[in-house]
$ cat data_15.txt   # compact mmCIF, C-alpha atoms
# COMPACT_ATOMS: atom_id res chain seq x y z
CA MET A 1 79.12 150.80 82.61
CA SER A 2 76.71 153.74 82.80
CA SER A 3 77.43 157.23 81.49
CA ALA A 4 79.15 158.12 84.77
CA ARG A 5 82.81 158.91 84.20
CA VAL A 6 85.45 157.09 86.29
CA VAL A 7 88.98 158.42 86.59
CA ILE A 8 92.30 157.33 88.10
CA THR A 9 93.66 159.68 90.76
CA GLY A 10 96.36 157.53 92.36
CA VAL A 11 98.70 154.67 91.52
CA GLY A 12 100.92 152.38 93.54
CA SER A 13 103.01 149.32 92.80
CA ILE A 14 105.69 147.09 94.19
CA SER A 15 107.56 144.59 92.06
CA SER A 16 110.96 143.13 91.28
CA VAL A 17 111.86 146.33 89.37
CA GLY A 18 110.93 148.80 92.08
CA LYS A 19 109.20 149.21 95.42
CA THR A 20 107.18 152.17 94.10
CA SER A 21 105.56 153.06 90.80
CA SER A 22 108.22 155.72 90.18
CA GLU A 23 111.03 153.24 90.75
CA MET A 24 109.31 150.75 88.47
CA TRP A 25 108.88 153.32 85.71
CA GLU A 26 112.52 154.44 85.88
CA SER A 27 113.68 150.83 85.70
CA LEU A 28 111.39 150.00 82.76
CA CYS A 29 112.62 153.05 80.87
CA ALA A 30 116.21 151.97 81.49
CA GLY A 31 115.51 148.44 80.24
CA GLY A 32 116.03 147.01 83.71
CA CYS A 33 115.06 143.47 84.61
CA GLY A 34 114.00 142.20 88.03
CA ILE A 35 114.30 138.52 87.15
CA ASP A 36 117.16 136.79 88.98
CA LYS A 37 118.10 133.59 90.76
CA ILE A 38 115.65 132.54 93.48
CA THR A 39 116.78 133.35 97.01
CA ALA A 40 113.43 133.02 98.83
CA PHE A 41 113.94 129.24 98.96
CA ASP A 42 116.46 126.71 97.69
CA PRO A 43 115.33 125.84 94.13
CA VAL A 44 117.48 122.71 93.90
CA GLY A 45 115.61 120.12 91.85
CA PHE A 46 113.44 122.75 90.15
CA ASP A 47 113.70 123.10 86.38
CA CYS A 48 113.20 126.86 86.74
CA LYS A 49 115.55 128.44 89.27
CA ILE A 50 114.77 132.10 88.58
CA ALA A 51 111.97 134.50 89.53
CA GLY A 52 111.03 138.14 89.92
CA GLN A 53 111.51 138.82 93.62
CA VAL A 54 110.96 141.94 95.73
CA ASN A 55 114.08 142.35 97.83
CA ASP A 56 114.68 144.26 101.08
CA PHE A 57 111.01 144.71 101.84
CA LYS A 58 109.42 145.08 105.28
CA VAL A 59 105.67 145.48 105.56
CA ARG A 60 106.04 147.18 108.95
CA ASP A 61 107.21 150.26 107.08
CA TYR A 62 103.74 150.63 105.53
CA ILE A 63 101.36 150.22 108.45
CA PRO A 64 100.70 152.23 111.62
CA LYS A 65 102.15 150.94 114.89
CA SER A 66 98.72 150.10 116.26
CA PHE A 67 98.26 147.46 113.54
CA ARG A 68 101.69 145.86 113.61
CA LYS A 69 100.59 142.92 115.75
CA SER A 70 98.55 141.78 112.77
CA VAL A 71 101.72 141.23 110.72
CA LYS A 72 101.94 137.69 112.09
CA LEU A 73 98.68 136.97 110.27
CA MET A 74 99.87 138.28 106.92
CA SER A 75 101.05 136.15 104.03
CA ARG A 76 103.51 137.63 101.56
CA ASP A 77 100.62 138.42 99.20
CA ILE A 78 98.90 140.52 101.86
CA GLU A 79 102.11 142.37 102.66
CA LEU A 80 102.69 143.33 99.04
CA SER A 81 99.12 144.58 98.62
CA ILE A 82 99.45 146.78 101.71
CA ALA A 83 102.61 148.41 100.35
CA ALA A 84 101.09 149.20 96.95
CA ALA A 85 97.87 150.47 98.55
CA ASP A 86 99.84 152.79 100.81
CA GLU A 87 101.59 154.38 97.82
CA ALA A 88 98.39 154.68 95.80
CA LEU A 89 96.54 156.42 98.63
CA ARG A 90 99.37 158.86 99.30
CA ASN A 91 99.74 159.47 95.56
CA SER A 92 96.04 160.36 95.36
CA GLY A 93 96.06 162.84 98.22
CA ILE A 94 93.53 160.79 100.17
CA ILE A 95 93.99 160.69 103.93
CA THR A 96 92.52 157.69 105.73
CA LYS A 97 92.09 156.79 109.38
CA GLY A 98 95.14 154.56 109.15
CA MET A 99 97.28 157.43 107.83
CA ASP A 100 96.18 160.39 109.97
CA PRO A 101 93.07 159.88 112.14
CA GLU A 102 92.73 163.62 112.78
CA ASN A 103 92.67 164.67 109.13
CA VAL A 104 90.62 162.05 107.28
CA ASN A 105 89.28 163.45 104.00
CA VAL A 106 87.30 160.49 102.64
CA GLU A 107 83.91 159.12 103.68
CA ALA A 108 84.49 155.52 104.77
CA GLY A 109 81.04 154.31 103.76
CA ARG A 110 81.46 155.63 100.21
CA PHE A 111 84.90 154.04 99.76
CA ALA A 112 84.99 150.63 98.01
CA ILE A 113 87.77 148.06 97.70
CA ASN A 114 88.15 145.38 95.03
CA LEU A 115 91.28 143.27 94.80
CA GLY A 116 92.47 140.40 92.65
CA ALA A 117 94.24 137.64 94.55
CA GLY A 118 95.90 134.33 93.79
CA LEU A 119 95.59 130.92 95.39
CA ILE A 120 97.89 131.72 98.29
CA SER A 121 100.21 128.82 99.10
CA CYS A 122 101.36 128.39 102.66
CA ASP A 123 104.97 128.44 103.78
CA LEU A 124 106.29 124.91 104.08
CA VAL A 125 108.13 125.72 107.31
CA GLU A 126 104.75 126.32 108.94
CA LEU A 127 103.43 122.93 107.87
CA GLU A 128 106.53 120.87 108.61
CA PRO A 129 105.89 120.24 112.34
CA SER A 130 102.30 119.13 111.72
CA VAL A 131 103.27 116.88 108.81
CA SER A 132 106.10 115.32 110.83
CA ALA A 133 103.68 114.58 113.66
CA SER A 134 101.36 112.82 111.20
CA VAL A 135 103.81 110.28 109.83
CA VAL A 136 103.33 106.59 110.59
CA ASP A 137 105.91 104.07 109.33
CA GLY A 138 107.35 106.66 106.95
CA LYS A 139 103.98 107.60 105.39
CA PHE A 140 101.58 110.45 105.98
CA ASP A 141 98.54 109.22 107.92
CA ILE A 142 95.37 111.32 107.66
CA GLN A 143 93.98 109.97 110.94
CA LYS A 144 97.22 110.83 112.70
CA TRP A 145 96.92 114.29 111.15
CA GLY A 146 93.43 114.69 112.63
CA SER A 147 94.50 113.64 116.12
CA ASP A 148 98.08 114.95 116.45
CA GLY A 149 99.25 116.87 113.40
CA ILE A 150 96.59 119.53 113.41
CA GLU A 151 97.51 120.42 116.99
CA GLN A 152 100.84 121.71 115.71
CA ILE A 153 99.17 124.47 113.68
CA THR A 154 98.08 127.76 115.22
CA PRO A 155 94.27 128.12 115.20
CA LEU A 156 94.58 131.37 113.22
CA TRP A 157 96.86 129.83 110.58
CA LEU A 158 94.24 129.81 107.82
CA LEU A 159 93.67 133.57 108.09
CA LYS A 160 97.03 134.13 106.41
CA TYR A 161 96.02 132.23 103.30
CA LEU A 162 92.46 133.23 102.48
CA PRO A 163 92.41 135.30 99.25
CA ASN A 164 89.96 137.84 100.69
CA MET A 165 92.44 138.73 103.43
CA LEU A 166 94.23 141.21 101.13
CA ALA A 167 91.16 143.43 100.98
CA CYS A 168 90.34 142.74 104.63
CA HIS A 169 93.68 143.95 106.00
CA ILE A 170 93.80 147.02 103.78
CA GLY A 171 90.17 147.78 104.60
CA ILE A 172 90.78 147.49 108.35
CA ILE A 173 93.95 149.60 108.30
CA HIS A 174 92.40 152.39 106.23
CA ASP A 175 88.80 152.08 107.48
CA ILE A 176 87.29 151.30 104.09
CA GLN A 177 83.62 150.51 104.70
CA GLY A 178 82.11 150.52 101.19
CA PRO A 179 81.50 147.54 98.87
CA SER A 180 84.28 144.96 98.95
CA ASN A 181 85.09 142.00 96.74
CA SER A 182 87.98 139.66 96.06
CA LEU A 183 88.51 138.00 92.70
CA THR A 184 90.56 134.84 92.26
CA CYS A 185 90.78 134.56 88.48
CA SER A 186 94.50 133.83 88.14
CA GLU A 187 96.47 136.24 85.96
CA VAL A 188 93.51 138.39 84.90
CA ALA A 189 92.25 139.00 88.46
CA GLY A 190 93.78 142.47 88.77
CA LEU A 191 92.14 143.75 85.60
CA LEU A 192 88.79 142.23 86.55
CA ALA A 193 88.98 143.85 89.99
CA ILE A 194 89.58 147.28 88.44
CA ASN A 195 86.71 146.75 86.02
CA GLU A 196 84.28 145.76 88.76
CA ALA A 197 85.35 148.68 90.95
CA ALA A 198 84.63 151.02 88.04
CA HIS A 199 81.12 149.55 87.79
CA ILE A 200 80.56 150.11 91.51
CA ILE A 201 81.36 153.80 91.12
CA ALA A 202 79.47 154.16 87.83
CA ARG A 203 76.24 152.82 89.34
CA GLY A 204 76.55 155.19 92.29
CA ASP A 205 77.31 152.70 95.08
CA SER A 206 80.61 154.41 95.91
CA ASP A 207 82.40 157.65 95.11
CA ILE A 208 85.88 156.20 95.30
CA ALA A 209 87.50 152.75 95.15
CA LEU A 210 90.85 151.12 95.78
CA ALA A 211 91.37 148.42 93.17
CA GLY A 212 94.05 146.18 91.68
CA GLY A 213 95.75 142.93 92.51
CA ALA A 214 98.62 141.26 94.31
CA GLU A 215 100.25 137.86 94.39
CA ALA A 216 103.47 136.24 95.56
CA LYS A 217 104.31 133.34 93.26
CA VAL A 218 107.88 132.87 94.53
CA ASN A 219 106.87 129.88 96.60
CA PRO A 220 108.00 126.25 96.17
CA MET A 221 104.44 124.91 96.04
CA ILE A 222 103.45 127.37 93.32
CA MET A 223 106.69 127.03 91.39
CA ILE A 224 106.65 123.24 91.26
CA ARG A 225 103.10 123.36 89.89
CA GLN A 226 104.15 125.73 87.10
CA CYS A 227 107.12 123.51 86.31
CA LEU A 228 104.93 120.37 86.18
CA LEU A 229 102.43 122.15 83.91
CA GLY A 230 105.28 123.07 81.58
CA ARG A 231 104.57 126.80 81.92
CA ALA A 232 107.88 127.76 83.58
CA THR A 233 111.01 128.04 81.46
CA SER A 234 113.97 125.81 82.18
CA ASP A 235 116.24 127.79 79.85
CA ASN A 236 118.49 130.70 80.76
CA ASN A 237 118.77 129.93 84.46
CA ASP A 238 122.26 131.39 84.13
CA GLU A 239 121.05 134.41 82.14
CA PRO A 240 117.89 135.47 83.97
CA ASP A 241 117.45 138.76 82.12
CA LYS A 242 117.07 136.86 78.83
CA ALA A 243 114.70 134.16 80.09
CA LEU A 244 111.22 135.60 79.59
CA ARG A 245 110.62 136.40 75.92
CA PRO A 246 107.07 137.61 75.13
CA PHE A 247 106.01 137.10 71.49
CA ASP A 248 109.53 135.98 70.58
CA ALA A 249 110.26 132.94 68.41
CA ASP A 250 112.75 131.73 71.01
CA ALA A 251 110.26 131.87 73.90
CA LYS A 252 110.57 128.75 76.06
CA GLY A 253 108.23 129.51 78.93
CA SER A 254 107.29 132.03 81.57
CA VAL A 255 109.11 133.24 84.67
CA PHE A 256 107.01 133.87 87.75
CA GLY A 257 107.38 136.51 90.41
CA GLU A 258 105.68 138.63 93.03
CA GLY A 259 104.21 142.08 93.15
CA ALA A 260 101.17 144.29 93.54
CA GLY A 261 99.50 147.02 91.53
CA ILE A 262 96.85 149.37 92.94
CA VAL A 263 94.90 152.28 91.47
CA ILE A 264 92.55 154.75 93.11
CA LEU A 265 89.36 155.19 91.09
CA GLU A 266 86.88 158.02 91.57
CA SER A 267 83.84 159.46 89.93
CA ILE A 268 84.92 162.52 88.05
CA GLU A 269 82.62 164.69 90.18
CA HIS A 270 84.19 163.42 93.41
CA ALA A 271 87.72 163.89 92.08
CA LYS A 272 87.04 167.44 90.93
CA GLY A 273 85.22 168.19 94.16
CA ARG A 274 88.38 167.58 96.16
CA ASP A 275 90.63 169.13 93.49
CA ALA A 276 92.42 165.83 92.91
CA LYS A 277 95.05 165.34 90.25
CA ILE A 278 93.53 163.15 87.55
CA TYR A 279 95.96 160.86 85.71
CA ALA A 280 93.64 159.12 83.27
CA GLU A 281 90.05 158.19 82.58
CA LEU A 282 88.63 154.68 82.18
CA ALA A 283 87.12 155.13 78.74
CA GLY A 284 86.08 151.52 78.19
CA ILE A 285 86.16 148.14 79.88
CA GLY A 286 85.37 144.68 78.55
CA GLU A 287 85.29 141.10 79.80
CA SER A 288 84.66 137.65 78.37
CA THR A 289 84.92 133.96 79.12
CA ASN A 290 86.03 131.43 76.53
CA ILE A 291 87.26 128.18 77.99
CA ASN A 292 89.92 126.05 76.33
CA PRO A 293 89.53 122.34 77.25
CA VAL A 294 93.32 122.37 77.71
CA TYR A 295 92.89 124.79 80.61
CA GLU A 296 96.58 125.61 81.10
CA HIS A 297 96.68 127.35 77.71
CA LEU A 298 94.75 130.11 75.99
CA GLU A 299 92.47 128.93 73.16
CA ALA A 300 94.41 128.99 69.88
CA ASP A 301 92.38 131.74 68.20
CA GLY A 302 92.39 134.06 71.21
CA LYS A 303 88.63 134.51 70.88
CA GLY A 304 88.13 135.52 74.51
CA VAL A 305 90.79 138.23 74.23
CA GLN A 306 89.14 139.46 71.03
CA ILE A 307 85.71 139.76 72.65
CA ALA A 308 87.01 141.62 75.71
CA ILE A 309 88.89 144.13 73.53
CA GLU A 310 85.92 144.65 71.24
CA LYS A 311 83.70 145.41 74.22
CA ALA A 312 86.21 147.86 75.71
CA MET A 313 86.72 149.62 72.39
CA ALA A 314 82.98 149.89 71.79
CA GLU A 315 82.42 151.42 75.21
CA ALA A 316 85.30 153.85 74.63
CA GLN A 317 83.68 154.73 71.28
CA ILE A 318 86.98 154.78 69.42
CA GLY A 319 88.41 152.99 66.40
CA ALA A 320 91.59 150.94 66.37
CA GLU A 321 93.46 153.71 64.56
CA GLU A 322 92.98 155.94 67.62
CA LEU A 323 94.91 153.63 69.94
CA ASP A 324 98.38 154.91 70.76
CA LEU A 325 99.67 151.93 72.75
CA ILE A 326 98.80 148.34 73.62
CA ILE A 327 100.15 146.64 76.76
CA PRO A 328 99.37 142.93 76.20
CA HIS A 329 99.52 139.99 78.57
CA GLY A 330 102.58 138.43 76.88
CA VAL A 331 103.73 135.61 79.18
CA GLY A 332 106.60 134.16 77.13
CA ILE A 333 104.82 130.89 76.32
CA ALA A 334 104.93 130.71 72.54
CA ALA A 335 101.53 129.12 71.90
CA ASP A 336 99.76 131.46 74.29
CA ASP A 337 101.49 134.57 72.98
CA LEU A 338 100.60 133.67 69.41
CA ALA A 339 96.98 133.03 70.43
CA GLU A 340 96.83 136.37 72.21
CA SER A 341 98.28 138.18 69.20
CA LYS A 342 95.61 136.58 67.01
CA GLY A 343 92.89 137.74 69.39
CA ILE A 344 94.25 141.29 69.43
CA GLU A 345 94.51 141.34 65.64
CA ALA A 346 91.00 139.96 65.22
CA ALA A 347 89.65 142.76 67.41
CA LEU A 348 91.66 145.63 65.90
CA GLY A 349 92.13 144.57 62.29
CA GLU A 350 94.87 145.84 60.00
CA ALA A 351 95.65 148.76 62.30
CA VAL A 352 97.34 146.31 64.66
CA SER A 353 100.52 146.38 62.56
CA LYS A 354 100.94 150.09 63.30
CA ILE A 355 99.90 150.43 66.94
CA PRO A 356 102.94 150.29 69.29
CA VAL A 357 102.90 147.21 71.54
CA TRP A 358 104.87 147.12 74.79
CA PRO A 359 104.94 143.84 76.77
CA THR A 360 106.27 144.27 80.32
CA LYS A 361 106.68 140.79 81.81
CA SER A 362 110.15 140.24 80.33
CA MET A 363 111.30 142.79 82.91
CA VAL A 364 108.77 142.54 85.75
CA SER A 365 108.09 138.74 85.49
CA ASN A 366 104.67 137.08 85.56
CA THR A 367 103.16 138.28 88.83
CA GLY A 368 99.88 136.40 88.56
CA ALA A 369 96.90 138.27 90.00
CA ALA A 370 99.00 141.46 90.15
CA ALA A 371 99.98 141.39 86.47
CA GLY A 372 97.13 143.31 84.87
CA ALA A 373 97.03 145.93 87.61
CA ILE A 374 100.78 146.52 87.33
CA ASP A 375 100.30 147.01 83.58
CA VAL A 376 97.60 149.62 84.24
CA VAL A 377 100.00 151.47 86.55
CA ALA A 378 102.69 151.29 83.84
CA ALA A 379 100.17 152.61 81.30
CA VAL A 380 99.35 155.59 83.50
CA CYS A 381 103.07 156.33 83.87
CA ALA A 382 103.56 156.12 80.10
CA MET A 383 100.64 158.48 79.45
CA ARG A 384 101.89 160.92 82.07
CA GLU A 385 105.44 160.97 80.68
CA GLY A 386 104.56 160.72 76.98
CA LYS A 387 106.97 157.85 76.48
CA ILE A 388 106.91 154.19 75.49
CA PRO A 389 109.92 152.26 76.82
CA ALA A 390 111.53 149.59 74.66
CA ALA A 391 110.35 146.01 74.89
CA LYS A 392 112.90 143.48 76.11
CA ASN A 393 113.77 140.07 74.65
CA CYS A 394 111.69 140.29 71.49
CA GLU A 395 114.15 140.41 68.61
CA ASN A 396 112.47 137.81 66.43
CA LYS A 397 108.67 137.68 66.52
CA ILE A 398 106.81 134.37 66.47
CA LYS A 399 105.70 133.47 62.96
CA GLY A 400 102.13 134.62 62.53
CA CYS A 401 102.37 137.42 65.10
CA ASN A 402 101.66 140.76 63.44
CA LEU A 403 101.95 142.97 66.51
CA ASN A 404 104.13 146.08 66.29
CA ILE A 405 106.48 145.36 69.18
CA VAL A 406 108.39 148.49 70.23
CA THR A 407 112.11 147.67 70.29
CA GLU A 408 113.36 151.23 70.82
CA PRO A 409 112.05 153.92 73.21
CA VAL A 410 109.43 156.15 71.61
CA GLU A 411 108.42 159.69 72.61
CA ALA A 412 104.71 160.10 71.86
CA GLU A 413 101.53 161.70 73.09
CA LEU A 414 99.44 158.83 74.37
CA ASN A 415 95.75 159.65 74.28
CA TYR A 416 94.39 156.09 74.36
CA VAL A 417 96.10 153.01 75.82
CA LEU A 418 94.74 149.46 75.81
CA CYS A 419 95.66 146.94 78.51
CA CYS A 420 94.45 143.37 78.07
CA GLY A 421 94.94 140.02 79.73
CA TYR A 422 93.60 136.52 80.29
CA GLY A 423 93.56 133.82 82.91
CA TYR A 424 93.68 130.04 82.77
CA GLY A 425 90.07 129.07 83.13
CA GLY A 426 88.86 131.25 80.30
CA GLN A 427 88.43 134.72 81.82
CA THR A 428 89.65 137.69 79.77
CA ALA A 429 89.58 141.44 80.36
CA ALA A 430 90.50 144.67 78.64
CA ILE A 431 90.68 148.31 79.71
CA VAL A 432 90.98 151.38 77.49
CA LEU A 433 92.53 154.32 79.30
CA LYS A 434 92.05 157.84 78.01
CA LYS A 435 94.34 160.77 78.73
CA PHE A 436 92.36 163.18 80.85
CA ASP A 437 91.55 166.31 78.91
CA GLY A 438 90.51 168.49 81.84

$ encode --input "data_15.txt" --output "structure tokens"
Amino acid sequence: MSSARVVITGVGSISSVGKTSSEMWESLCAGGCGIDKITAFDPVGFDCKIAGQVNDFKVRDYIPKSFRKSVKLMSRDIELSIAAADEALRNSGIITKGMDPENVNVEAGRFAINLGAGLISCDLVELEPSVSASVVDGKFDIQKWGSDGIEQITPLWLLKYLPNMLACHIGIIHDIQGPSNSLTCSEVAGLLAINEAAHIIARGDSDIALAGGAEAKVNPMIMIRQCLLGRATSDNNDEPDKALRPFDADAKGSVFGEGAGIVILESIEHAKGRDAKIYAELAGIGESTNINPVYEHLEADGKGVQIAIEKAMAEAQIGAEELDLIIPHGVGIAADDLAESKGIEAALGEAVSKIPVWPTKSMVSNTGAAAGAIDVVAAVCAMREGKIPAAKNCENKIKGCNLNIVTEPVEAELNYVLCCGYGYGGQTAAIVLKKFDG
């Protein structure tokens, strides 16, 4: 990134622990857990029958009436991103065409949007008629599909499931006309999207950007894949709040969920020019790629995580001893958590045993492309409130993990916070947030 300073002026989130960032923060501070038995579909036959779901949610509450016809073209992922974006924009004081056409206070052409998205799986109920029409003698026939089955699908069906549709719908609703990109890099996509948006502003191509990620993984097609890969836990189906155990010796696998995290980024000059409230500054960002041949797991030494952190720390121009908090990826898969801890330790050295570490997924669940962005929102909340909530389900650290997991709430001034994550495919990312000093 260039010498241009990029700051956060708005945050928004929706997850299993709250439909706003404030609700999420209150729940995290109270040790709440959004993981529960799956109700979105019948999980009979699934090893993992629990997830982090967003309940009682209607996307129509977040979009103007003139756009509500487009709801029929929105997947769950799109809906979640729209809700988080709405909160982030309102939180920032920005008024867009979709909010109040008569009082817009942002230049559409200087407004960018970068979002992380997952591989959106379709709803099986939409495919059932076409599949049924393609069966010959009890077997699926591809030629029958081409002649008869495909006729049972609406011509616009695919528009619900393209990953770039998250940014498209938000951009259309709010008239965002600046640079746009969509990143599909699994669980690190949200962090990568924020990093790229920061670069867009830093090089002068936009003054402001909406960035983050969203994904809905509470879907039978996604869940069965995670079960077959051995990533989803089959333990504690009857005790959901104890199921996901980041960095814990008893970790048996991850629990997947749905959510979205969005931040509003601005150049410091633009933010000050409109007298915006500044929550934090992006002091350093880093990325890397280090592919493990066993793609469903992080490489054992966490080298990619190490490189991303080292780059972010170097750009922030701080030493490890200046970090006040680390929010790691921490998915509850023992081998991956240990590898991540090794990467963090390799990057930060002996100081790692003293820096407070607060994993969030034991409460929020693993929200895929939303995960890193939700962590950034949580980091901003922690910096604002001067508090580190207690970690959940980490009573007995994995042997070899030297991270200082916070098991009790801590009141502290947080000047620098590190968020880091990785995706299956080798991508890693890290962000160092700095408390804004005015």

$ closest_atom_pairs --input "data_15.txt" --of "range 153-199 of chain A" --to "range 254-260 of chain A" --cutoff "12 Å" --atoms "all atoms listed in the file" --output "CSV"
residue,atom,partner,partner_atom,distance
A:Leu166,CA,A:Ala260,CA,10.7
A:Glu187,CA,A:Phe256,CA,11.0
A:Ala189,CA,A:Ala260,CA,11.5
A:Gly190,CA,A:Ala260,CA,9.0

$ residues_near_point --input "data_15.txt" --point "(87.8, 140.6, 84.7)" --cutoff "10 Å" --atoms "all atoms listed in the file" --output "PyMOL selection string"
chain A and resi 116+183-185+187-196+285-289+308+372+420-423+427-431

$ write_last_selection --input "data_15.txt" --atoms "C-alpha atoms" --output "compact mmCIF listing (two decimals), in the coordinates of the input"
# COMPACT_ATOMS: atom_id res chain seq x y z
CA GLY A 116 92.47 140.40 92.65
CA LEU A 183 88.51 138.00 92.70
CA THR A 184 90.56 134.84 92.26
CA CYS A 185 90.78 134.56 88.48
CA GLU A 187 96.47 136.24 85.96
CA VAL A 188 93.51 138.39 84.90
CA ALA A 189 92.25 139.00 88.46
CA GLY A 190 93.78 142.47 88.77
CA LEU A 191 92.14 143.75 85.60
CA LEU A 192 88.79 142.23 86.55
CA ALA A 193 88.98 143.85 89.99
CA ILE A 194 89.58 147.28 88.44
CA ASN A 195 86.71 146.75 86.02
CA GLU A 196 84.28 145.76 88.76
CA ILE A 285 86.16 148.14 79.88
CA GLY A 286 85.37 144.68 78.55
CA GLU A 287 85.29 141.10 79.80
CA SER A 288 84.66 137.65 78.37
CA THR A 289 84.92 133.96 79.12
CA ALA A 308 87.01 141.62 75.71
CA GLY A 372 97.13 143.31 84.87
CA CYS A 420 94.45 143.37 78.07
CA GLY A 421 94.94 140.02 79.73
CA TYR A 422 93.60 136.52 80.29
CA GLY A 423 93.56 133.82 82.91
CA GLN A 427 88.43 134.72 81.82
CA THR A 428 89.65 137.69 79.77
CA ALA A 429 89.58 141.44 80.36
CA ALA A 430 90.50 144.67 78.64
CA ILE A 431 90.68 148.31 79.71

$ residues_around --input "data_15.txt" --residues "Val377 in chain A" --least-positions-apart "6" --cutoff "8 Å" --atoms "only C-alpha atoms" --output "list in words"
Val11, Gly12, Ser13, Ser21, Gly261, Ile262 and Val263 of chain A

$ write_last_selection --input "data_15.txt" --atoms "C-alpha atoms" --output "compact mmCIF listing (two decimals), in the coordinates of the input"
# COMPACT_ATOMS: atom_id res chain seq x y z
CA VAL A 11 98.70 154.67 91.52
CA GLY A 12 100.92 152.38 93.54
CA SER A 13 103.01 149.32 92.80
CA SER A 21 105.56 153.06 90.80
CA GLY A 261 99.50 147.02 91.53
CA ILE A 262 96.85 149.37 92.94
CA VAL A 263 94.90 152.28 91.47

$ closest_residue --input "data_15.txt" --among "A:Val6, A:Leu162, A:Val135, A:Ile172" --to "Gly284 in chain A" --atoms "all atoms listed in the file"
A:Val6

$ closest_residue --input "data_15.txt" --among "A:Glu128, A:Asp205, A:Lys277, A:Glu310" --to "Ala347 in chain A" --atoms "only C-alpha atoms"
A:Glu310

$ atom_distance --input "data_15.txt" --atom1 "CA of Ala300 in chain A" --atom2 "CA of Asn404 in chain A"
20.0 Å

$ atom_distance --input "data_15.txt" --atom1 "CA of Cys33 in chain A" --atom2 "CA of Lys354 in chain A"
26.4 Å

$ residues_around --input "data_15.txt" --residues "range 85-99 of chain A" --least-positions-apart "4" --cutoff "9 Å" --atoms "all atoms listed in the file" --output "PyMOL selection string"
chain A and resi 8-13+20-21+62-64+67+80-81+103-108+170+172-176+210-212+260-264+276-278

$ closest_residue --input "data_15.txt" --among "A:Lys342, A:Lys144, A:Lys49, A:Lys58" --to "Gly304 in chain A" --atoms "only C-alpha atoms"
A:Lys342

$ atom_distance --input "data_15.txt" --atom1 "CA of Ala314 in chain A" --atom2 "CA of Glu266 in chain A"
21.7 Å

$ closest_residue --input "data_15.txt" --among "A:Ser180, A:Asn402, A:Ser15, A:Ser121" --to "Asp248 in chain A" --atoms "all atoms listed in the file"
A:Asn402

$ residues_around --input "data_15.txt" --residues "Lys397 in chain A" --least-positions-apart "3" --cutoff "9 Å" --atoms "all atoms listed in the file" --output "list in words"
Pro246, Phe247, Asp248, Ala249, Asp250, Cys394, Gly400, Cys401, Asn402, Leu403 and Ile405 of chain A

$ residues_around --input "data_15.txt" --residues "Glu411 in chain A" --least-positions-apart "4" --cutoff "12 Å" --atoms "all atoms listed in the file" --output "CSV table (one decimal) with C-alpha atoms, in the frame of the given file"
chain,number,residue,atom,x,y,z
A,29,CYS,CA,112.6,153.0,80.9
A,324,ASP,CA,98.4,154.9,70.8
A,325,LEU,CA,99.7,151.9,72.8
A,356,PRO,CA,102.9,150.3,69.3
A,382,ALA,CA,103.6,156.1,80.1
A,383,MET,CA,100.6,158.5,79.4
A,384,ARG,CA,101.9,160.9,82.1
A,385,GLU,CA,105.4,161.0,80.7
A,386,GLY,CA,104.6,160.7,77.0
A,387,LYS,CA,107.0,157.8,76.5
A,388,ILE,CA,106.9,154.2,75.5
A,389,PRO,CA,109.9,152.3,76.8
A,390,ALA,CA,111.5,149.6,74.7
A,406,VAL,CA,108.4,148.5,70.2

$ closest_residue --input "data_15.txt" --among "A:Glu269, A:Glu408, A:Cys419, A:Ala334" --to "Ala312 in chain A" --atoms "all atoms listed in the file"
A:Cys419

$ closest_residue --input "data_15.txt" --among "A:Leu159, A:Ala283, A:Ile113, A:Ala346" --to "Ile200 in chain A" --atoms "only C-alpha atoms"
A:Ile113

$ residues_around --input "data_15.txt" --residues "Asn292 in chain A" --least-positions-apart "5" --cutoff "9 Å" --atoms "all atoms listed in the file" --output "list in words"
His297, Leu298, Glu299, Ala300, Tyr424, Gly425 and Gly426 of chain A

$ write_last_selection --input "data_15.txt" --atoms "C-alpha atoms" --output "PDB file, in the frame of the given file"
ATOM      1  CA  HIS A 297      96.680 127.350  77.710  1.00  0.00           C
ATOM      2  CA  LEU A 298      94.750 130.110  75.990  1.00  0.00           C
ATOM      3  CA  GLU A 299      92.470 128.930  73.160  1.00  0.00           C
ATOM      4  CA  ALA A 300      94.410 128.990  69.880  1.00  0.00           C
ATOM      5  CA  TYR A 424      93.680 130.040  82.770  1.00  0.00           C
ATOM      6  CA  GLY A 425      90.070 129.070  83.130  1.00  0.00           C
ATOM      7  CA  GLY A 426      88.860 131.250  80.300  1.00  0.00           C
TER       8      GLY A 426
END
